[in-house]
Amino acid sequence: MADARRVDKSIDASLASSGGRPWWANMFRLSDAYILFGVAIAFLALPSLETRRLVVTLIIAYAIVGIGLVLLFGAGGQLSLGQAIFFAVGAFTSANISRQTTYGFELEVLVAVGIGFIVGVVVGLPALRVGGLYLAIATFALSFTGQQVLFEWKAVSGGGAGMPVGQLRLFGNVMDEKLSLLKISIVLLAILLWIASNLLRGRTGRALHALRTSESATNSVAAINVGWLKLLAFGLSAAFAAAGGVVYMHAISYVNPENFDVDLSILFMLMAIIGGARSLAGAVLGATFVLGMPEVFRGIQQYEGMLYGSILLILIIFSPKGLVGVFTAAAQGVRRLVLRPPDAEAMADLSPLRPRGDRAQIGGACIDLEKVKVQFGGLVAVDEVSFVIEPGQVIGLVGPNGAGKTTLFNGVCGLVPASGTVRFNGTDISRLSIRKRALSGIGRTFQNLNLHDDRTALDHVLIGMDRRLRYHRLAEACRAPWVVKAEHELHKQAQMLLEDLGLGHLSEVLVQDLPYGIQKRIDVARALATSPQLLLLDEPAAGLPSAEANEIIGRVLEIARNEGMTVVIIEHNVELVASVADRVIVLDAGAVIADGTAEEAFTNPAVIAAYLGV
Amino acid sequence: MSANDESKEGLVISDLVVGYGKNQVIHGISLEVKQGSRVALLGANGAGKTTLLQTISGVMRPKSGTVTFEGDQLANQTASQIVKRGVIQVPEGRRVFPNLTVLENLRIAAYGHRDRLEAGLERVFAAYPILRERTQQPAGLLSGGQQQMLALGRAIIAQPKLLLLDEMSLGLAPILVKEFYAALPEVFSGDLTTLIVEQNAKMAISVADYVYVLRNGEISAQGTSQMFQEDDDLLHEGYLGVRTKGAKP
Amino acid sequence: MSETIQLIIAGIENGLAYGLVALALIMIFKTANVLNFAQGTLAGLSGYLAYWFFTSGNFPWPLAALAALACAFLIGIVMERIAVRPLIQSGFFSIVIATLAVDAFATNAIEQVFGTDPLPFPPPIAGAIDVGGVRLTHWSIVIMITAVVVLSIITALIQRTELGLAMRAFADDQTAAQLMGVSEAYVSRMTWGLSTAVGGVVGIVLAPVLFLQTGYMNGTFINGLTAAILGGFVSLSGGVLGGLTLGLLDAFAVKYAPKALVAALPLLVVLLLLLLRPRGLFNRQKSTERV
């Protein structure tokens, strides 16, 4: 396999620190303070909550479900209409454990989470093959039929009559004091918030956000296994929902399948969106809103559906980020008035490239195309193209509109089916998946950018560098010290790459707020972040004024040459190509009509005829 | 040049700016297609030609600037309203409806005007006899050239006052494209106002009266077709931006 | 033998209902690429409205049904205007969520107006016929005939009228359709209106059978959804065939399979399909549709 030949660029190697904060300063974050603060307030307020303890406990149960939805939907972008069933899994699992054994809450949660995770993964299996809408349907079907199954499975659920639950126990002690459940639930919520926030801040969260905003780039550039990722997301959301179910079960002391219907699943979804699906605070806020409103306004209980339906509709049209979104938009407005965000229009001058320890010579790939052909129905887009590119060469791929240049890229990357052979450093990659090809060392940019909306410039580089990380998800969930260190290292390397491309000052800016030229640079940055041996640039200068185009192409090629990368550039700007490429290949109607130096290619009568017409 | 009154004005575009989000594709262009004349708009891919046509047809909205035809403002109208004004586009890649039959494709071109189908059908079949044999075939099964015929047939049925042709040469053998362009004057009535967008410059210049060259979203050259036919460099520079001295096909 | 025929007839009757729901869902999917999750509840609402026209309005039954259908059509158009049109630019997730919001709203509204107790809605045509040991209620015959009639009307509409042509062109290539002068807003409106009306037909004819109660159309909706997937979500006739298949499967499963399995049947079918043949079993379309 090609990647055995690459120098391991994982983050086990430590770097000479160039100043800045030490890694262990990241062990504790602001969100931890919020959580501790919230717990403290909650415990202080306990006496006054006593009369409302049922509602508050339910809010906690729902909020826990909401946390799962933040991971699955807010971050991962997968719609699930079956959360009520996972909720039920948790409730019935713990009901049976509490009735039939003397094991306590701690075990109930662990078992519920385990079973929930497995059921979630099974339900999420269609995600390996189909997309958003079908997943929504599958989960919707689950929601409905799951309840029917529960009704029938009397041994576990007590059938239509339901069943009472056993006592609440914790670590062997019976907890029958009035506020016990509430205290335990608060602690559980805090722990789960902490775990979720660790996941969201780390590799898992980044991968989920990338999945939501551009599945194809996540697959073809970051080379993340999107199928497994979706299953993980489903499993996690189900696990959280099950944990919520345990709390719920103890709160109402009696479980009956009729509580876990389709409407509950829809309510969970509504709750997540009303609160704000992208933030953990939204989970708590949404649960408080949905359960708290009927408490405060006694009369509205019967109008819940109409009320929440209308609110949801209004929010989704005017403030899709939910109530949290309303708050953060206001806060951002204030920030913009008070602080002055960096002038994104001003392009930073490109400082000279500094030598980097992490950029060891990885070398370029040798690419061998043999009779590569791409055909759509009756239309032949790439017509038996063959050529060999030596490691480290910079090739300009040119030709008129419709000549098949981007299609050729897509064929090499596996994005379209192609016949013929593609060899990468001698290995035949023609039958490999898109992701495996990317892993072998192909990095690319896209004509339409394919960026991740709502993510920062830094995020793009971080997701490109994903494969440098080696830590396990469990360690990530618990924020192990080595995870913190690795993340710190990764952020440093990512920032340096941005600085190399003159984007250092824009690392925290959301990409959709940036001008087109800078967006193109970020696309390139993401490709470079994957440390490719073959860099495919698809019209990197299109739409840019000449000076800017020359500057950025120059810098990219400087980086590429330093590392010995093989580069292929599709460009229409003939002067630009002539000035940077070692060799120019001209395509017309899917076939190679010229292959040589720029001078040779552009004075070739066949080429001129192809561009200007006969 | 006789004085044109308002109703005889052709297509007039003034300081048009079009972009997606922060990305400006067309940076402020002005051009004119006089009533009854044929104008060619040339340029390499990415220059903004299709975006311009999409804007004229109302599929895209401009950021600023005006588009008027026969004195009417088009920029703030919906696509279907613009079509009602007689602005008909034959889109890039033909875009026939693959799951509709040939006849249904022609029928949809008469949307809102039932009588146009009958009026135009014979003319379409006279110009492109092969379509008569394939009326019940799904359009997706036609070859590239036949799809082009169908696309032009749709335009005939729609009784255009302004005809917009987007890259007819794309994916077709040059000799076929030559035939299509050559047949244009008879297939449509000779004095139809036409805007021809093309990458294949020579072909377009040979059928047009006036030529504009679009490069990176701006007009980089313009003149009568005769000017372009006489001076190759004018075209090469406007198009490729590079002098290709001594290399004439 | 007669038992088998009985099951087959039950299967066909249910299957036609599922097929019609699938048809309504596919119609919207083809033009808007979205699933209308409120379909089931709105179909139920139509049933309630027919009841209301019949009892409070004292309309004769056929007129009550037609009035309810007209309302369903209007509701579809209103829904398009407030829940779909504003979200066209926001992507399909937003529209799906909007339909969920409408579903929540409608469910509650029905409860508020009509109460939660089941309402008696006896079939307007009572009685049954007995043919060689097979019992067929008159109302079942009405259901099947209605279904076939509606199918024919919709098919004729889509294949023969100008609106249907516009809808099909729109589903093929939205931009090209606009270039032909087809108004995007008009096609969208009509599609949602018709789709809701078709769902409404099912809700009305099934009301006497399933009894008017909260969520009475939920099961039919799920099965209609499954049928639509069987049709690959692109083929109207595929959806109907899928419905019939599912109906027959269901009828025999109820008789011969354990209860838990019967309950899980739609889910199992959906999961299996999505895993093995996402393009559906009855997908007639040759062009590659986005899955």
# chains A, B, ... in the order shown; residues from 1 in each chain; ligands from 1
>>> interface_residues(of="chain A", to="chain C", cutoff="6 Å", atoms="only C-alpha atoms", output="mmCIF file with N, CA and C atoms, in the first residue's frame")
data_model
loop_
_atom_site.group_PDB
_atom_site.id
_atom_site.type_symbol
_atom_site.label_atom_id
_atom_site.label_comp_id
_atom_site.auth_asym_id
_atom_site.auth_seq_id
_atom_site.Cartn_x
_atom_site.Cartn_y
_atom_site.Cartn_z
ATOM 1 N N PRO A 126 -28.925 1.591 7.471
ATOM 2 C CA PRO A 126 -29.200 2.127 6.137
ATOM 3 C C PRO A 126 -28.328 3.330 5.803
ATOM 4 N N ALA A 141 -40.148 4.977 10.650
ATOM 5 C CA ALA A 141 -40.766 3.646 10.654
ATOM 6 C C ALA A 141 -40.440 2.923 11.943
ATOM 7 N N LEU A 142 -39.196 3.078 12.376
ATOM 8 C CA LEU A 142 -38.789 2.456 13.633
ATOM 9 C C LEU A 142 -39.655 2.933 14.777
ATOM 10 N N THR A 145 -43.216 1.288 14.485
ATOM 11 C CA THR A 145 -43.272 -0.151 14.690
ATOM 12 C C THR A 145 -42.617 -0.562 15.993
ATOM 13 N N GLN A 148 -45.158 -0.697 18.556
ATOM 14 C CA GLN A 148 -46.017 -1.880 18.396
ATOM 15 C C GLN A 148 -45.326 -3.122 18.941
ATOM 16 N N VAL A 149 -44.037 -3.227 18.637
ATOM 17 C CA VAL A 149 -43.284 -4.388 19.124
ATOM 18 C C VAL A 149 -43.274 -4.408 20.644
ATOM 19 N N GLU A 152 -46.315 -5.789 22.119
ATOM 20 C CA GLU A 152 -46.435 -7.240 22.007
ATOM 21 C C GLU A 152 -45.469 -7.989 22.916
ATOM 22 N N GLY A 305 -49.284 20.868 21.025
ATOM 23 C CA GLY A 305 -48.920 20.548 19.637
ATOM 24 C C GLY A 305 -49.007 21.768 18.754
ATOM 25 N N MET A 306 -50.112 22.480 18.877
ATOM 26 C CA MET A 306 -50.293 23.650 18.022
ATOM 27 C C MET A 306 -49.250 24.707 18.346
ATOM 28 N N GLY A 309 -45.743 23.466 17.303
ATOM 29 C CA GLY A 309 -45.707 23.424 15.845
ATOM 30 C C GLY A 309 -45.511 24.821 15.268
ATOM 31 N N LEU A 313 -42.205 26.275 13.335
ATOM 32 C CA LEU A 313 -42.284 26.768 11.961
ATOM 33 C C LEU A 313 -41.682 28.171 11.865
#
>>> closest_atom_pairs(of="chain C", to="chain B", cutoff="7 Å", atoms="only C-alpha atoms", output="CSV")
residue,atom,partner,partner_atom,distance
C:Leu165,CA,B:Ile108,CA,6.9
C:Ala166,CA,B:Ile108,CA,6.9
C:Ala169,CA,B:Phe97,CA,6.2
C:Asp172,CA,B:Phe97,CA,5.9
C:Asp173,CA,B:Phe97,CA,6.7
C:Ala176,CA,B:Arg95,CA,6.3
C:Gln178,CA,B:Ala79,CA,5.9
C:Leu179,CA,B:Gln89,CA,6.6
C:Met180,CA,B:Ala109,CA,5.4
C:Gly181,CA,B:Ser80,CA,4.1
C:Val182,CA,B:Ser80,CA,5.8
C:Ser183,CA,B:Ser80,CA,5.4
>>> select_by_dssp(residues="region 39-76 of chain B", states="strand (DSSP E)", output="ChimeraX atom specification")
/B:39-42,64-69,72-73
>>> atom_distance(atom1="CA of Leu170 (chain A)", atom2="CA of Gly120 (chain A)")
26.6 Å
>>> closest_residue(among="B:Leu16, B:Leu165, B:Met149, B:Ala204", to="chain A", atoms="only C-alpha atoms")
B:Ala204
>>> closest_atom_pairs(of="chain A", to="chain B", cutoff="9 Å", atoms="only C-alpha atoms", output="CSV")
residue,atom,partner,partner_atom,distance
A:Gly378,CA,B:Ser143,CA,7.5
A:Leu379,CA,B:Gly144,CA,8.2
A:Pro400,CA,B:Asn45,CA,7.0
A:Asn401,CA,B:Asn45,CA,5.3
A:Gly402,CA,B:Leu170,CA,6.8
A:Ala403,CA,B:Gly171,CA,8.7
A:Gln512,CA,B:Lys22,CA,8.3
A:Asp513,CA,B:Lys22,CA,8.0
A:Leu514,CA,B:Lys22,CA,7.3
A:Pro515,CA,B:Lys22,CA,5.3
A:Tyr516,CA,B:Asn23,CA,5.1
A:Gly517,CA,B:Asn23,CA,8.1
A:Ala542,CA,B:Gly46,CA,7.1
A:Gly543,CA,B:Asn216,CA,6.4
A:Leu544,CA,B:Asn216,CA,8.3
A:Pro545,CA,B:Asn216,CA,8.4
A:His572,CA,B:Asn45,CA,7.4
A:Asn573,CA,B:Leu240,CA,7.5
A:Val574,CA,B:Leu240,CA,6.5
A:Glu575,CA,B:Val242,CA,6.7
A:Ala589,CA,B:Gly171,CA,7.3
A:Phe602,CA,B:Thr244,CA,7.6
A:Thr603,CA,B:Ala247,CA,6.0
A:Asn604,CA,B:Ala247,CA,7.6
A:Pro605,CA,B:Pro249,CA,5.4
A:Ala606,CA,B:Pro249,CA,7.7
A:Ile608,CA,B:Pro249,CA,7.3
A:Ala609,CA,B:Pro249,CA,6.5
A:Ala610,CA,B:Asn200,CA,8.0
A:Tyr611,CA,B:Asn200,CA,7.0
A:Leu612,CA,B:Ala201,CA,5.1
A:Gly613,CA,B:Asn200,CA,4.4
A:Val614,CA,B:Lys202,CA,6.0
>>> write_last_selection(atoms="C-alpha atoms", output="compact mmCIF listing (two decimals), in the first residue's frame")
# COMPACT_ATOMS: atom_id res chain seq x y z
CA GLY A 378 -23.64 7.68 -25.00
CA LEU A 379 -21.34 10.55 -24.13
CA PRO A 400 -11.60 24.10 -23.90
CA ASN A 401 -14.85 23.84 -22.00
CA GLY A 402 -16.23 20.33 -21.97
CA ALA A 403 -12.87 18.80 -22.82
CA GLN A 512 -19.09 31.89 4.10
CA ASP A 513 -18.18 35.36 5.32
CA LEU A 514 -14.98 35.41 3.30
CA PRO A 515 -14.47 36.67 -0.23
CA TYR A 516 -14.27 34.19 -3.06
CA GLY A 517 -10.53 34.42 -3.55
CA ALA A 542 -10.57 31.06 -11.59
CA GLY A 543 -12.33 34.30 -10.78
CA LEU A 544 -9.27 35.88 -9.20
CA PRO A 545 -7.56 39.00 -10.47
CA HIS A 572 -7.89 28.41 -18.12
CA ASN A 573 -5.49 31.24 -17.56
CA VAL A 574 -2.99 30.40 -20.25
CA GLU A 575 -0.34 32.86 -19.15
CA ALA A 589 -13.19 16.28 -26.47
CA PHE A 602 0.32 26.91 -27.06
CA THR A 603 1.88 27.36 -30.46
CA ASN A 604 0.56 24.02 -31.61
CA PRO A 605 -1.96 24.68 -34.40
CA ALA A 606 -4.21 21.87 -33.21
CA ILE A 608 -5.21 26.90 -31.18
CA ALA A 609 -7.86 25.38 -33.37
CA ALA A 610 -9.37 23.59 -30.40
CA TYR A 611 -9.63 26.78 -28.39
CA LEU A 612 -10.73 29.13 -31.12
CA GLY A 613 -12.63 26.79 -33.36
CA VAL A 614 -12.20 25.73 -36.90
>>> select_by_dssp(residues="region 128-235 of chain B", states="alpha helix (DSSP H)", output="ChimeraX atom specification")
/B:129-133,144-157,174-187,201-207,225-230,232-235
>>> write_last_selection(atoms="N, CA and C atoms", output="short mmCIF file (atom, residue, chain, number, x, y, z; two decimals), in the first residue's frame")
data_model
loop_
_atom_site.label_atom_id
_atom_site.label_comp_id
_atom_site.auth_asym_id
_atom_site.auth_seq_id
_atom_site.Cartn_x
_atom_site.Cartn_y
_atom_site.Cartn_z
N PRO B 129 -36.43 16.54 -40.23
CA PRO B 129 -37.33 15.43 -40.54
C PRO B 129 -37.18 14.24 -39.60
N ILE B 130 -36.00 14.02 -39.08
CA ILE B 130 -35.80 12.83 -38.27
C ILE B 130 -36.65 12.86 -37.00
N LEU B 131 -37.02 14.05 -36.58
CA LEU B 131 -37.84 14.15 -35.38
C LEU B 131 -39.24 13.60 -35.63
N ARG B 132 -39.70 13.74 -36.87
CA ARG B 132 -41.04 13.25 -37.19
C ARG B 132 -41.13 11.75 -36.96
N GLU B 133 -40.00 11.07 -37.21
CA GLU B 133 -40.02 9.62 -37.05
C GLU B 133 -39.94 9.18 -35.60
N GLY B 144 -26.73 13.16 -29.44
CA GLY B 144 -26.45 14.57 -29.17
C GLY B 144 -26.98 15.49 -30.25
N GLY B 145 -26.74 15.11 -31.50
CA GLY B 145 -27.19 15.95 -32.59
C GLY B 145 -28.71 16.03 -32.66
N GLN B 146 -29.37 14.89 -32.41
CA GLN B 146 -30.83 14.89 -32.45
C GLN B 146 -31.40 15.71 -31.30
N GLN B 147 -30.72 15.65 -30.15
CA GLN B 147 -31.19 16.46 -29.03
C GLN B 147 -31.07 17.94 -29.35
N GLN B 148 -30.00 18.29 -30.08
CA GLN B 148 -29.85 19.69 -30.47
C GLN B 148 -30.99 20.10 -31.39
N MET B 149 -31.34 19.20 -32.29
CA MET B 149 -32.47 19.50 -33.18
C MET B 149 -33.73 19.71 -32.36
N LEU B 150 -33.93 18.85 -31.39
CA LEU B 150 -35.13 18.95 -30.56
C LEU B 150 -35.13 20.26 -29.79
N ALA B 151 -33.96 20.62 -29.25
CA ALA B 151 -33.87 21.87 -28.50
C ALA B 151 -34.19 23.06 -29.39
N LEU B 152 -33.68 23.03 -30.61
CA LEU B 152 -33.98 24.11 -31.54
C LEU B 152 -35.45 24.06 -31.94
N GLY B 153 -35.97 22.83 -32.08
CA GLY B 153 -37.38 22.69 -32.39
C GLY B 153 -38.25 23.34 -31.33
N ARG B 154 -37.87 23.14 -30.07
CA ARG B 154 -38.62 23.77 -28.98
C ARG B 154 -38.60 25.28 -29.14
N ALA B 155 -37.43 25.78 -29.52
CA ALA B 155 -37.32 27.23 -29.69
C ALA B 155 -38.20 27.71 -30.82
N ILE B 156 -38.28 26.94 -31.87
CA ILE B 156 -39.14 27.33 -33.01
C ILE B 156 -40.59 27.44 -32.55
N ILE B 157 -41.04 26.43 -31.81
CA ILE B 157 -42.43 26.41 -31.35
C ILE B 157 -42.73 27.62 -30.47
N PRO B 174 -18.05 19.23 -35.17
CA PRO B 174 -18.04 20.56 -35.77
C PRO B 174 -18.88 20.67 -37.04
N ILE B 175 -18.91 19.60 -37.82
CA ILE B 175 -19.65 19.71 -39.07
C ILE B 175 -21.15 19.84 -38.81
N LEU B 176 -21.61 19.15 -37.79
CA LEU B 176 -23.02 19.26 -37.39
C LEU B 176 -23.33 20.68 -36.94
N VAL B 177 -22.42 21.20 -36.11
CA VAL B 177 -22.63 22.54 -35.57
C VAL B 177 -22.69 23.55 -36.71
N LYS B 178 -21.81 23.36 -37.68
CA LYS B 178 -21.81 24.26 -38.85
C LYS B 178 -23.17 24.27 -39.51
N GLU B 179 -23.72 23.06 -39.68
CA GLU B 179 -25.03 22.96 -40.33
C GLU B 179 -26.10 23.68 -39.53
N PHE B 180 -26.08 23.49 -38.22
CA PHE B 180 -27.09 24.15 -37.39
C PHE B 180 -27.04 25.66 -37.56
N TYR B 181 -25.83 26.18 -37.45
CA TYR B 181 -25.70 27.64 -37.58
C TYR B 181 -26.12 28.10 -38.97
N ALA B 182 -25.71 27.33 -39.98
CA ALA B 182 -26.02 27.75 -41.35
C ALA B 182 -27.53 27.78 -41.57
N ALA B 183 -28.23 26.85 -40.95
CA ALA B 183 -29.67 26.75 -41.18
C ALA B 183 -30.48 27.76 -40.39
N LEU B 184 -29.85 28.42 -39.42
CA LEU B 184 -30.60 29.32 -38.54
C LEU B 184 -31.50 30.33 -39.28
N PRO B 185 -30.98 31.04 -40.26
CA PRO B 185 -31.82 32.08 -40.89
C PRO B 185 -33.11 31.53 -41.49
N GLU B 186 -33.07 30.31 -42.08
CA GLU B 186 -34.31 29.83 -42.67
C GLU B 186 -35.23 29.22 -41.63
N VAL B 187 -34.64 28.55 -40.64
CA VAL B 187 -35.47 27.87 -39.66
C VAL B 187 -36.28 28.87 -38.83
N ALA B 201 -15.06 30.15 -31.47
CA ALA B 201 -15.12 31.53 -31.95
C ALA B 201 -15.32 31.65 -33.45
N LYS B 202 -14.55 30.93 -34.20
CA LYS B 202 -14.59 31.09 -35.66
C LYS B 202 -16.00 30.86 -36.19
N MET B 203 -16.63 29.82 -35.67
CA MET B 203 -17.96 29.48 -36.13
C MET B 203 -18.93 30.61 -35.84
N ALA B 204 -18.86 31.12 -34.62
CA ALA B 204 -19.80 32.16 -34.24
C ALA B 204 -19.57 33.44 -35.04
N ILE B 205 -18.32 33.79 -35.24
CA ILE B 205 -18.01 35.02 -35.97
C ILE B 205 -18.56 34.95 -37.38
N SER B 206 -18.53 33.75 -37.96
CA SER B 206 -18.98 33.64 -39.34
C SER B 206 -20.49 33.85 -39.49
N VAL B 207 -21.25 33.70 -38.40
CA VAL B 207 -22.70 33.90 -38.55
C VAL B 207 -23.21 35.18 -37.91
N SER B 225 -18.13 41.78 -36.94
CA SER B 225 -17.55 40.47 -37.23
C SER B 225 -16.47 40.59 -38.29
N GLN B 226 -16.64 41.58 -39.14
CA GLN B 226 -15.64 41.78 -40.18
C GLN B 226 -14.28 42.11 -39.57
N MET B 227 -14.31 43.01 -38.58
CA MET B 227 -13.07 43.37 -37.89
C MET B 227 -12.38 42.12 -37.35
N PHE B 228 -13.15 41.23 -36.78
CA PHE B 228 -12.57 40.04 -36.18
C PHE B 228 -12.05 39.07 -37.24
N GLN B 229 -12.77 39.05 -38.37
CA GLN B 229 -12.32 38.14 -39.41
C GLN B 229 -11.03 38.61 -40.03
N GLU B 230 -10.83 39.95 -40.01
CA GLU B 230 -9.63 40.46 -40.66
C GLU B 230 -8.42 40.42 -39.76
N ASP B 232 -6.73 38.44 -36.76
CA ASP B 232 -6.73 37.30 -35.83
C ASP B 232 -6.29 37.67 -34.43
N ASP B 233 -5.33 38.57 -34.35
CA ASP B 233 -4.79 38.91 -33.03
C ASP B 233 -5.85 39.50 -32.12
N LEU B 234 -6.76 40.22 -32.73
CA LEU B 234 -7.84 40.83 -31.93
C LEU B 234 -8.55 39.74 -31.13
N LEU B 235 -8.78 38.65 -31.80
CA LEU B 235 -9.48 37.54 -31.16
C LEU B 235 -8.59 36.82 -30.15
#
>>> residues_around(residues="Gln213 (chain C)", least_positions_apart="4", cutoff="12 Å", atoms="only C-alpha atoms", output="list of chain:residue names")
C:Thr41, C:Gly44, C:Leu45, C:Gly47, C:Tyr48, C:Tyr51, C:Thr107, C:Ile110, C:Glu111, C:Phe114, C:Gly115, C:Thr116, C:Asp117, C:Pro118, C:Leu119, C:Pro120, C:Phe121, C:Gly203, C:Leu206, C:Ala207, C:Pro208, C:Val209, C:Met217, C:Asn218
>>> residues_around(residues="Ile300 (chain A)", least_positions_apart="6", cutoff="12 Å", atoms="only C-alpha atoms", output="mmCIF file with C-alpha atoms, in the first residue's frame")
data_model
loop_
_atom_site.group_PDB
_atom_site.id
_atom_site.type_symbol
_atom_site.label_atom_id
_atom_site.label_comp_id
_atom_site.auth_asym_id
_atom_site.auth_seq_id
_atom_site.Cartn_x
_atom_site.Cartn_y
_atom_site.Cartn_z
ATOM 1 C CA VAL A 290 -40.903 22.245 26.105
ATOM 2 C CA LEU A 291 -41.519 20.893 29.609
ATOM 3 C CA GLY A 292 -41.364 24.115 31.498
ATOM 4 C CA MET A 293 -43.906 26.062 29.481
ATOM 5 C CA PRO A 294 -46.892 23.890 30.428
ATOM 6 C CA MET A 306 -50.293 23.650 18.022
ATOM 7 C CA LEU A 307 -48.031 25.885 20.051
ATOM 8 C CA TYR A 308 -44.824 23.997 19.461
ATOM 9 C CA ASN C 108 -53.270 18.895 18.246
ATOM 10 C CA GLN C 112 -58.990 20.290 20.189
#
>>> residues_around(residues="Ile196 (chain B)", least_positions_apart="3", cutoff="7 Å", atoms="only C-alpha atoms", output="PyMOL selection string")
chain B and resi 39-41+164-166
>>> write_last_selection(atoms="N, CA and C atoms", output="short mmCIF file (atom, residue, chain, number, x, y, z; two decimals), in the first residue's frame")
data_model
loop_
_atom_site.label_atom_id
_atom_site.label_comp_id
_atom_site.auth_asym_id
_atom_site.auth_seq_id
_atom_site.Cartn_x
_atom_site.Cartn_y
_atom_site.Cartn_z
N VAL B 39 -25.78 38.80 -32.66
CA VAL B 39 -24.56 39.15 -31.94
C VAL B 39 -23.96 37.90 -31.33
N ALA B 40 -22.63 37.81 -31.43
CA ALA B 40 -21.94 36.67 -30.82
C ALA B 40 -21.24 37.13 -29.57
N LEU B 41 -21.35 36.31 -28.51
CA LEU B 41 -20.64 36.57 -27.27
C LEU B 41 -19.66 35.43 -27.07
N LEU B 164 -31.79 33.19 -27.52
CA LEU B 164 -30.50 33.07 -26.85
C LEU B 164 -29.97 31.66 -27.05
N LEU B 165 -28.83 31.53 -27.72
CA LEU B 165 -28.26 30.21 -27.97
C LEU B 165 -27.01 30.03 -27.12
N ASP B 166 -27.04 29.01 -26.25
CA ASP B 166 -25.90 28.82 -25.35
C ASP B 166 -25.06 27.63 -25.78
#
